[in-house]
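query03.txt (compact mmCIF, C-alpha atoms) appears below.
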```
# COMPACT_ATOMS: atom_id res chain seq x y z
CA MET A 1 29.68 25.61 -22.67
CA LYS A 2 33.43 25.51 -22.86
CA ILE A 3 35.03 22.12 -23.42
CA ASN A 4 38.60 21.55 -22.36
CA PHE A 5 40.26 18.86 -24.46
CA THR A 6 43.82 17.72 -24.59
CA GLY A 7 44.66 17.28 -28.24
CA ALA A 8 47.19 17.87 -30.98
CA PRO A 9 48.31 21.44 -31.66
CA ALA A 10 45.91 23.40 -33.81
CA ILE A 11 46.57 23.99 -37.48
CA GLY A 12 44.67 27.09 -38.47
CA ARG A 13 44.58 30.84 -38.79
CA GLY A 14 47.11 32.25 -36.38
CA GLN A 15 48.74 28.89 -35.64
CA ARG A 16 52.45 29.05 -36.41
CA SER A 17 53.69 25.59 -35.46
CA ARG A 18 54.15 23.45 -38.55
CA PRO A 19 54.23 19.64 -38.20
CA GLY A 20 55.73 17.56 -40.98
CA PRO A 21 53.45 16.47 -43.83
CA ALA A 22 53.45 12.90 -42.52
CA ALA A 23 51.56 14.16 -39.46
CA LEU A 24 48.60 14.79 -41.72
CA VAL A 25 48.00 11.09 -42.34
CA LEU A 26 45.42 9.86 -39.82
CA THR A 27 43.89 6.45 -39.39
CA ALA A 28 41.38 5.16 -41.93
CA GLY A 29 37.81 6.20 -41.20
CA CYS A 30 38.84 9.51 -39.64
CA VAL A 31 39.92 11.49 -42.66
CA GLY A 32 40.04 15.26 -42.27
CA ALA A 33 40.79 18.17 -44.53
CA VAL A 34 44.46 17.81 -43.83
CA VAL A 35 44.39 14.06 -44.27
CA ALA A 36 44.89 14.14 -47.99
CA GLY A 37 48.24 12.36 -47.89
CA THR A 38 51.86 13.33 -48.12
CA ALA A 39 53.88 14.79 -50.92
CA GLY A 40 55.51 11.40 -51.29
CA THR A 41 52.11 9.80 -51.72
CA ALA A 42 51.24 12.33 -54.42
CA ALA A 43 54.48 11.64 -56.23
CA ALA A 44 53.85 7.91 -56.09
CA ALA A 45 50.38 8.40 -57.60
CA VAL A 46 51.79 10.43 -60.47
CA LYS A 47 54.63 8.00 -61.21
CA ALA A 48 52.75 4.72 -60.88
CA PRO A 49 53.44 2.63 -64.00
CA VAL A 50 50.59 1.87 -66.37
CA SER A 51 50.36 -0.26 -69.45
CA SER A 52 50.84 1.21 -72.92
CA THR A 53 47.24 0.21 -73.67
CA LEU A 54 45.95 2.30 -70.76
CA LYS A 55 48.09 5.23 -71.78
CA ALA A 56 46.79 5.14 -75.33
CA GLY A 57 43.18 4.93 -74.17
CA ALA A 58 43.64 7.73 -71.68
CA VAL A 59 45.23 10.01 -74.27
CA ALA A 60 42.31 9.36 -76.62
CA ALA A 61 39.67 9.97 -73.95
CA VAL A 62 41.11 12.85 -71.92
CA THR A 63 41.84 16.32 -73.25
CA ALA A 64 42.57 19.61 -71.52
CA SER A 65 38.94 20.63 -72.03
CA ASN A 66 37.53 17.31 -70.77
CA PRO A 67 39.18 16.40 -67.43
CA PRO A 68 37.61 13.38 -65.75
CA VAL A 69 35.50 13.77 -62.61
CA GLY A 70 37.12 12.87 -59.28
CA SER A 71 39.89 13.86 -56.90
CA TYR A 72 43.29 15.32 -57.80
CA LYS A 73 46.40 15.74 -55.69
CA GLY A 74 49.58 17.80 -55.90
CA SER A 75 52.12 19.27 -53.50
CA ASN A 76 52.84 22.73 -52.09
CA PRO A 77 56.40 23.51 -53.28
CA GLN A 78 57.07 25.47 -50.10
CA ASP A 79 56.77 22.60 -47.64
CA GLY A 80 55.49 19.42 -49.30
CA TYR A 81 51.97 19.64 -47.87
CA PRO A 82 49.27 18.29 -50.19
CA ILE A 83 47.18 20.34 -52.59
CA THR A 84 43.82 18.64 -53.16
CA PHE A 85 40.75 19.45 -55.22
CA TYR A 86 37.89 17.76 -57.10
CA VAL A 87 36.46 18.10 -60.59
CA SER A 88 32.68 18.38 -60.18
CA SER A 89 30.30 15.78 -61.59
CA SER A 90 29.18 18.35 -64.19
CA LYS A 91 32.81 19.05 -65.21
CA THR A 92 32.06 22.77 -64.93
CA SER A 93 34.10 23.59 -61.81
CA LEU A 94 36.87 22.64 -59.41
CA GLN A 95 35.53 22.22 -55.88
CA ASP A 96 36.84 22.19 -52.32
CA ILE A 97 40.41 23.26 -53.11
CA ASN A 98 42.52 22.79 -50.00
CA ILE A 99 46.13 23.41 -48.96
CA PRO A 100 46.48 22.79 -45.20
CA VAL A 101 49.64 24.88 -44.68
CA VAL A 102 50.86 27.87 -46.73
CA VAL A 103 53.97 29.75 -45.56
CA LEU A 104 53.65 33.56 -45.58
CA SER A 105 56.27 36.29 -45.15
CA CYS A 106 55.25 39.58 -43.50
CA ALA A 107 56.29 43.18 -44.12
CA PRO A 108 57.21 45.04 -42.08
CA GLY A 109 58.70 42.74 -39.46
CA GLY A 110 59.63 39.62 -41.41
CA ALA A 111 57.38 37.18 -39.49
CA GLY A 112 56.61 33.91 -41.26
CA PRO A 113 53.16 32.64 -40.19
CA ASP A 114 51.65 29.41 -41.53
CA GLU A 115 48.05 29.66 -42.76
CA PRO A 116 45.58 27.25 -44.37
CA PHE A 117 44.27 27.89 -47.88
CA GLY A 118 40.78 26.99 -49.04
CA VAL A 119 38.62 27.90 -52.04
CA ALA A 120 35.11 26.44 -52.29
CA ALA A 121 34.80 26.48 -56.10
CA VAL A 122 36.52 27.70 -59.27
CA PRO A 123 34.62 27.75 -62.59
CA LEU A 124 36.17 25.48 -65.22
CA LYS A 125 36.15 27.05 -68.69
CA PRO A 126 35.60 25.06 -71.90
CA ASP A 127 39.31 25.36 -72.78
CA GLY A 128 40.33 23.68 -69.49
CA SER A 129 41.48 26.87 -67.73
CA PHE A 130 40.35 28.17 -64.33
CA ASN A 131 41.03 31.30 -62.27
CA ALA A 132 39.43 32.51 -59.04
CA THR A 133 40.25 34.94 -56.23
CA ILE A 134 38.29 35.01 -52.97
CA THR A 135 38.52 37.26 -49.91
CA GLN A 136 37.60 36.21 -46.36
CA THR A 137 37.70 38.02 -43.03
CA GLY A 138 38.87 36.43 -39.80
CA VAL A 139 41.24 36.75 -36.88
CA TYR A 140 45.01 36.35 -36.74
CA ASN A 141 46.99 36.43 -33.48
CA GLY A 142 44.24 38.39 -31.71
CA PHE A 143 43.70 40.97 -34.49
CA PRO A 144 41.07 41.25 -37.24
CA ALA A 145 42.57 40.05 -40.53
CA LYS A 146 41.69 39.79 -44.21
CA PHE A 147 42.73 36.74 -46.26
CA THR A 148 42.91 36.85 -50.07
CA GLU A 149 43.41 33.55 -51.91
CA THR A 150 44.03 33.05 -55.64
CA PHE A 151 44.04 29.69 -57.44
CA ARG A 152 44.47 29.45 -61.19
CA GLY A 153 45.74 27.04 -63.83
CA ASN A 154 44.95 24.77 -66.76
CA PHE A 155 44.32 21.10 -67.43
CA HIS A 156 46.91 19.51 -69.69
CA GLY A 157 45.53 16.19 -70.94
CA VAL A 158 47.35 13.23 -69.39
CA GLY A 159 50.84 12.72 -67.96
CA PRO A 160 53.31 9.91 -68.73
CA SER A 161 51.47 7.72 -66.21
CA GLY A 162 48.18 8.08 -68.07
CA ALA A 163 46.62 10.16 -65.26
CA ALA A 164 44.81 13.41 -66.08
CA ARG A 165 46.90 16.37 -64.97
CA ALA A 166 46.73 20.10 -64.27
CA ALA A 167 49.18 22.86 -63.36
CA GLY A 168 49.01 26.46 -62.25
CA MET A 169 49.70 29.00 -59.51
CA PHE A 170 48.34 29.82 -56.06
CA ARG A 171 48.88 32.83 -53.82
CA GLU A 172 47.67 33.71 -50.31
CA THR A 173 47.87 37.20 -48.80
CA MET A 174 46.92 38.23 -45.25
CA THR A 175 46.63 41.82 -44.03
CA PHE A 176 46.20 42.89 -40.40
CA THR A 177 47.17 45.67 -38.04
CA ASP A 178 48.77 45.21 -34.63
CA SER A 179 51.33 47.91 -33.77
CA THR A 180 51.39 48.76 -37.50
CA ALA A 181 49.66 47.71 -40.71
CA ARG A 182 51.21 44.48 -42.05
CA THR A 183 50.95 42.53 -45.30
CA CYS A 184 51.93 38.85 -45.31
CA THR A 185 52.07 36.85 -48.55
CA SER A 186 53.19 33.53 -49.96
CA ASP A 187 54.06 35.25 -53.27
CA ASN A 188 53.16 33.26 -56.39
CA GLN A 189 53.72 29.52 -55.97
CA SER A 190 53.62 27.06 -58.88
CA TRP A 191 51.93 23.67 -58.56
CA THR A 192 51.16 20.54 -60.56
CA ALA A 193 48.60 17.85 -59.77
CA ALA A 194 47.43 14.50 -61.15
CA ARG A 195 44.18 12.59 -60.82
CA ASP A 196 44.13 9.99 -58.04
CA THR A 197 43.58 6.33 -58.86
CA GLN A 198 39.93 5.77 -57.94
CA PRO A 199 36.82 3.80 -58.94
CA PRO A 200 34.46 5.18 -61.60
CA GLN A 201 32.58 8.18 -60.22
CA THR A 202 28.77 8.25 -60.12
CA LYS A 203 26.15 11.01 -59.87
CA THR A 204 23.76 9.06 -57.65
CA PRO A 205 22.85 10.50 -54.22
CA PRO A 206 25.25 9.49 -51.42
CA PRO A 207 24.29 6.37 -49.47
CA ALA A 208 22.50 6.76 -46.17
CA GLY A 209 24.47 6.19 -42.98
CA GLY A 210 27.20 7.67 -40.82
CA TYR A 211 30.22 9.60 -42.08
CA THR A 212 33.39 10.56 -40.21
CA GLY A 213 36.12 13.12 -40.85
CA SER A 214 38.57 15.11 -38.75
CA ASN A 215 38.91 18.71 -37.59
CA PRO A 216 42.20 19.87 -39.16
CA GLN A 217 42.89 22.12 -36.17
CA ASP A 218 43.15 19.41 -33.53
CA GLY A 219 42.23 15.99 -34.95
CA TYR A 220 38.90 15.73 -33.15
CA PRO A 221 36.21 13.92 -35.18
CA ILE A 222 33.65 15.49 -37.49
CA THR A 223 30.55 13.30 -37.67
CA PHE A 224 27.25 13.46 -39.52
CA SER A 225 24.68 11.16 -41.09
CA VAL A 226 22.96 11.09 -44.47
CA SER A 227 19.25 10.61 -43.88
CA SER A 228 17.39 7.51 -45.05
CA SER A 229 15.71 9.66 -47.74
CA ARG A 230 19.17 10.79 -48.94
CA LYS A 231 17.91 14.38 -48.97
CA SER A 232 19.73 15.86 -45.97
CA LEU A 233 22.69 15.66 -43.63
CA GLN A 234 21.71 15.27 -39.98
CA ASN A 235 23.35 15.69 -36.56
CA ILE A 236 26.53 17.45 -37.73
CA ALA A 237 28.88 17.56 -34.73
CA ILE A 238 32.46 18.55 -33.86
CA PRO A 239 33.34 18.20 -30.15
CA ALA A 240 36.05 20.90 -30.06
CA VAL A 241 36.70 23.82 -32.42
CA VAL A 242 39.60 26.19 -31.69
CA LEU A 243 38.66 29.88 -31.84
CA SER A 244 40.86 32.99 -31.88
CA CYS A 245 39.50 36.16 -30.27
CA ALA A 246 39.89 39.83 -31.23
CA PRO A 247 40.71 41.89 -29.34
CA GLY A 248 42.76 40.03 -26.76
CA GLY A 249 44.00 36.91 -28.54
CA ALA A 250 42.30 34.32 -26.31
CA GLY A 251 41.92 30.85 -27.86
CA PRO A 252 38.87 29.08 -26.40
CA ASP A 253 37.74 25.61 -27.50
CA GLU A 254 34.01 25.34 -28.24
CA PRO A 255 31.74 22.55 -29.51
CA PHE A 256 30.03 22.77 -32.91
CA GLY A 257 26.60 21.42 -33.79
CA ILE A 258 24.02 21.74 -36.59
CA GLY A 259 20.87 19.63 -36.64
CA LYS A 260 20.25 19.48 -40.40
CA ALA A 261 21.64 20.56 -43.79
CA LEU A 262 19.57 20.05 -46.93
CA LEU A 263 21.27 18.00 -49.66
CA GLN A 264 20.83 19.46 -53.15
CA PRO A 265 20.40 17.26 -56.27
CA ASN A 266 23.96 18.13 -57.38
CA GLY A 267 25.39 16.79 -54.09
CA SER A 268 26.06 20.18 -52.47
CA PHE A 269 24.91 21.37 -49.04
CA THR A 270 25.12 24.55 -46.95
CA ALA A 271 23.68 25.27 -43.51
CA THR A 272 24.08 28.07 -40.97
CA SER A 273 22.76 27.91 -37.42
CA THR A 274 22.79 30.58 -34.69
CA LYS A 275 22.32 29.90 -30.97
CA ASN A 276 22.52 31.94 -27.78
CA GLY A 277 24.54 30.70 -24.83
CA VAL A 278 27.08 31.68 -22.19
CA TYR A 279 30.85 31.92 -22.39
CA ASN A 280 33.03 32.56 -19.33
CA GLY A 281 30.15 34.06 -17.38
CA HIS A 282 28.92 36.36 -20.17
CA PRO A 283 26.02 36.03 -22.65
CA ALA A 284 27.33 34.90 -26.02
CA LYS A 285 26.06 34.24 -29.53
CA PHE A 286 27.36 31.24 -31.51
CA THR A 287 27.13 31.00 -35.31
CA TYR A 288 27.92 27.71 -37.08
CA THR A 289 28.36 27.24 -40.84
CA PHE A 290 28.87 23.88 -42.56
CA ARG A 291 29.10 23.54 -46.36
CA GLY A 292 30.48 21.17 -48.93
CA ASN A 293 29.87 18.64 -51.69
CA PHE A 294 29.71 14.89 -52.10
CA HIS A 295 32.36 13.62 -54.50
CA GLY A 296 31.47 10.10 -55.62
CA VAL A 297 33.71 7.46 -54.06
CA ALA A 298 37.24 7.50 -52.66
CA PRO A 299 40.05 5.14 -53.77
CA SER A 300 38.85 2.81 -51.00
CA GLY A 301 35.39 2.63 -52.58
CA ALA A 302 33.73 4.54 -49.70
CA ALA A 303 31.41 7.45 -50.44
CA ARG A 304 33.14 10.76 -49.66
CA ALA A 305 32.46 14.45 -49.11
CA ALA A 306 34.53 17.59 -48.58
CA GLY A 307 33.92 21.21 -47.63
CA THR A 308 34.50 23.87 -44.99
CA PHE A 309 33.14 24.75 -41.56
CA GLN A 310 33.38 27.91 -39.46
CA GLU A 311 32.33 28.76 -35.91
CA THR A 312 32.09 32.34 -34.63
CA MET A 313 31.34 33.45 -31.06
CA THR A 314 30.61 37.04 -30.01
CA PHE A 315 30.39 38.29 -26.43
CA THR A 316 31.17 41.32 -24.30
CA ASP A 317 33.15 41.38 -21.06
CA SER A 318 35.41 44.44 -20.65
CA ALA A 319 35.11 44.94 -24.45
CA LYS A 320 33.16 43.56 -27.39
CA ARG A 321 34.94 40.45 -28.67
CA THR A 322 34.66 38.30 -31.79
CA CYS A 323 36.16 34.80 -31.64
CA THR A 324 36.30 32.66 -34.78
CA SER A 325 37.81 29.47 -36.15
CA ASN A 326 38.06 31.13 -39.59
CA ALA A 327 37.13 28.82 -42.49
CA GLN A 328 38.52 25.30 -41.96
CA SER A 329 38.59 22.62 -44.69
CA TRP A 330 37.51 19.04 -44.05
CA THR A 331 36.97 15.72 -45.84
CA ALA A 332 34.93 12.74 -44.67
CA THR A 333 34.13 9.21 -45.80
CA ARG A 334 31.23 6.87 -45.11
CA ASN A 335 31.74 4.53 -42.15
CA SER A 336 31.97 0.80 -42.86
```

Could you write out this structure as structure tokens?
Amino acid sequence: MKINFTGAPAIGRGQRSRPGPAALVLTAGCVGAVVAGTAGTAAAAVKAPVSSTLKAGAVAAVTASNPPVGSYKGSNPQDGYPITFYVSSSKTSLQDINIPVVVLSCAPGGAGPDEPFGVAAVPLKPDGSFNATITQTGVYNGFPAKFTETFRGNFHGVGPSGAARAAGMFRETMTFTDSTARTCTSDNQSWTAARDTQPPQTKTPPPAGGYTGSNPQDGYPITFSVSSSRKSLQNIAIPAVVLSCAPGGAGPDEPFGIGKALLQPNGSFTATSTKNGVYNGHPAKFTYTFRGNFHGVAPSGAARAAGTFQETMTFTDSAKRTCTSNAQSWTATRNS
């Protein structure tokens, strides 16, 4: 079942190499969770000139408690990597919050690992504030690890450009034990974000057809189709997902596949599939999870979706081992 690919270095839990933000920009039609753009792109979106008429209209229409639906983009102050999220069609939550690379500092030892950051949803209060903390378990560098992620802030009407804006703080903390118990944290990091320029957003079901994104670990494609009834996702596939094993630290590449995920009326979907197989000569169990939301249309006009996936493999050779990709964020757009 193992697939050996030659691809870009993985960006994920336990991956320390950190490419420049420009490396996150992939070709059109293959847009992954880390393909949100560069810090420079975000700055350009915030500073784009608009007419005084647009500014006046935007100020009248947008308040802190009424942020418009759609995608927003900011920048991680540590390294310039993008911060992206969406205001839901109901305006009651932020969804699919993603920072591809967050720099941590560990004590004891002083190591500085790079880790992704992802929060599925944060409730949006009537006053325009939001605050959520989630905890996930996974593997780091061959050891079981716990990841705690906090994302909070407020909407603040519109900026000088006329774009809706928000600001706040994020923090990621990882704890694990190798030769000793270690705590690694980003400390509190401030952020600002502005709404992307994009077509009017709709609440209609996503159009049928094929969609393509990218695995943020290695750039391999994520593909799926919306059924002709527009009630499910079908044939969800990723050819190579990078896992990290505990104990031992092995990093096998495994394919990912789910036959169907039901599409809810609000545009959300979640599916988990479990299969038995063989890994390296030993019986193994594979668990696949794929979740997310459709988010109207992208600046290009193409229907879009975003979410997370995770693959976990368990097997026993000389010891019981758990290998996982941890939660990985993705985005996808409808093929032409």

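The interatomic distance for the pair CA of Thr212 (chain A) and CA of Gln328 (chain A) works out to 15.7 Å.
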
Contacts of region 133-140 of chain A within 8 Å, all atoms listed in the file, excl. fewer than 3 positions in-chain, as a PDB file with C-alpha atoms, keeping the file's coordinate frame:
```pdb
ATOM      1  CA  ARG A  13      44.580  30.840 -38.790  1.00  0.00           C
ATOM      2  CA  GLY A  14      47.110  32.250 -36.380  1.00  0.00           C
ATOM      3  CA  VAL A 119      38.620  27.900 -52.040  1.00  0.00           C
ATOM      4  CA  PHE A 143      43.700  40.970 -34.490  1.00  0.00           C
ATOM      5  CA  PRO A 144      41.070  41.250 -37.240  1.00  0.00           C
ATOM      6  CA  ALA A 145      42.570  40.050 -40.530  1.00  0.00           C
ATOM      7  CA  LYS A 146      41.690  39.790 -44.210  1.00  0.00           C
ATOM      8  CA  PHE A 147      42.730  36.740 -46.260  1.00  0.00           C
ATOM      9  CA  THR A 148      42.910  36.850 -50.070  1.00  0.00           C
ATOM     10  CA  GLU A 149      43.410  33.550 -51.910  1.00  0.00           C
ATOM     11  CA  THR A 150      44.030  33.050 -55.640  1.00  0.00           C
ATOM     12  CA  PHE A 151      44.040  29.690 -57.440  1.00  0.00           C
ATOM     13  CA  PHE A 176      46.200  42.890 -40.400  1.00  0.00           C
ATOM     14  CA  SER A 244      40.860  32.990 -31.880  1.00  0.00           C
ATOM     15  CA  CYS A 245      39.500  36.160 -30.270  1.00  0.00           C
ATOM     16  CA  ALA A 246      39.890  39.830 -31.230  1.00  0.00           C
ATOM     17  CA  CYS A 323      36.160  34.800 -31.640  1.00  0.00           C
ATOM     18  CA  THR A 324      36.300  32.660 -34.780  1.00  0.00           C
ATOM     19  CA  SER A 325      37.810  29.470 -36.150  1.00  0.00           C
ATOM     20  CA  ASN A 326      38.060  31.130 -39.590  1.00  0.00           C
TER      21      ASN A 326
END
```

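Between CA of Ser93 (chain A) and CA of Ala121 (chain A) the separation is 6.4 Å.
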
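Between CA of Pro221 (chain A) and CA of Asn335 (chain A) the interatomic distance comes to 12.5 Å.
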
So which residues touch Ala64 (chain A) within 9 Å, counting only C-alpha atoms, skipping near sequence neighbours fewer than 3 positions away, as an MDAnalysis selection string? chainID A and resid 67 126:129 154:158 164:166

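Each of A:Ser71, A:Thr185, A:Gln310, A:Gln264 was compared to Ile238 (chain A) using all atoms listed in the file, and A:Gln310 turns out to be the nearest.
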
8 Å contact set for region 97-102 of chain A, only C-alpha atoms, chain neighbours under 5 positions out, as a PyMOL selection string: chain A and resi 11+18+33-34+76+78-79+81-86+114-121+172+186+216+329

Just C-alpha atoms for this one: save the residues we selected as an mmCIF file, in the frame of the given file.
```
data_model
loop_
_atom_site.group_PDB
_atom_site.id
_atom_site.type_symbol
_atom_site.label_atom_id
_atom_site.label_comp_id
_atom_site.auth_asym_id
_atom_site.auth_seq_id
_atom_site.Cartn_x
_atom_site.Cartn_y
_atom_site.Cartn_z
ATOM 1 C CA ILE A 11 46.570 23.990 -37.480
ATOM 2 C CA ARG A 18 54.150 23.450 -38.550
ATOM 3 C CA ALA A 33 40.790 18.170 -44.530
ATOM 4 C CA VAL A 34 44.460 17.810 -43.830
ATOM 5 C CA ASN A 76 52.840 22.730 -52.090
ATOM 6 C CA GLN A 78 57.070 25.470 -50.100
ATOM 7 C CA ASP A 79 56.770 22.600 -47.640
ATOM 8 C CA TYR A 81 51.970 19.640 -47.870
ATOM 9 C CA PRO A 82 49.270 18.290 -50.190
ATOM 10 C CA ILE A 83 47.180 20.340 -52.590
ATOM 11 C CA THR A 84 43.820 18.640 -53.160
ATOM 12 C CA PHE A 85 40.750 19.450 -55.220
ATOM 13 C CA TYR A 86 37.890 17.760 -57.100
ATOM 14 C CA ASP A 114 51.650 29.410 -41.530
ATOM 15 C CA GLU A 115 48.050 29.660 -42.760
ATOM 16 C CA PRO A 116 45.580 27.250 -44.370
ATOM 17 C CA PHE A 117 44.270 27.890 -47.880
ATOM 18 C CA GLY A 118 40.780 26.990 -49.040
ATOM 19 C CA VAL A 119 38.620 27.900 -52.040
ATOM 20 C CA ALA A 120 35.110 26.440 -52.290
ATOM 21 C CA ALA A 121 34.800 26.480 -56.100
ATOM 22 C CA GLU A 172 47.670 33.710 -50.310
ATOM 23 C CA SER A 186 53.190 33.530 -49.960
ATOM 24 C CA PRO A 216 42.200 19.870 -39.160
ATOM 25 C CA SER A 329 38.590 22.620 -44.690
#
```
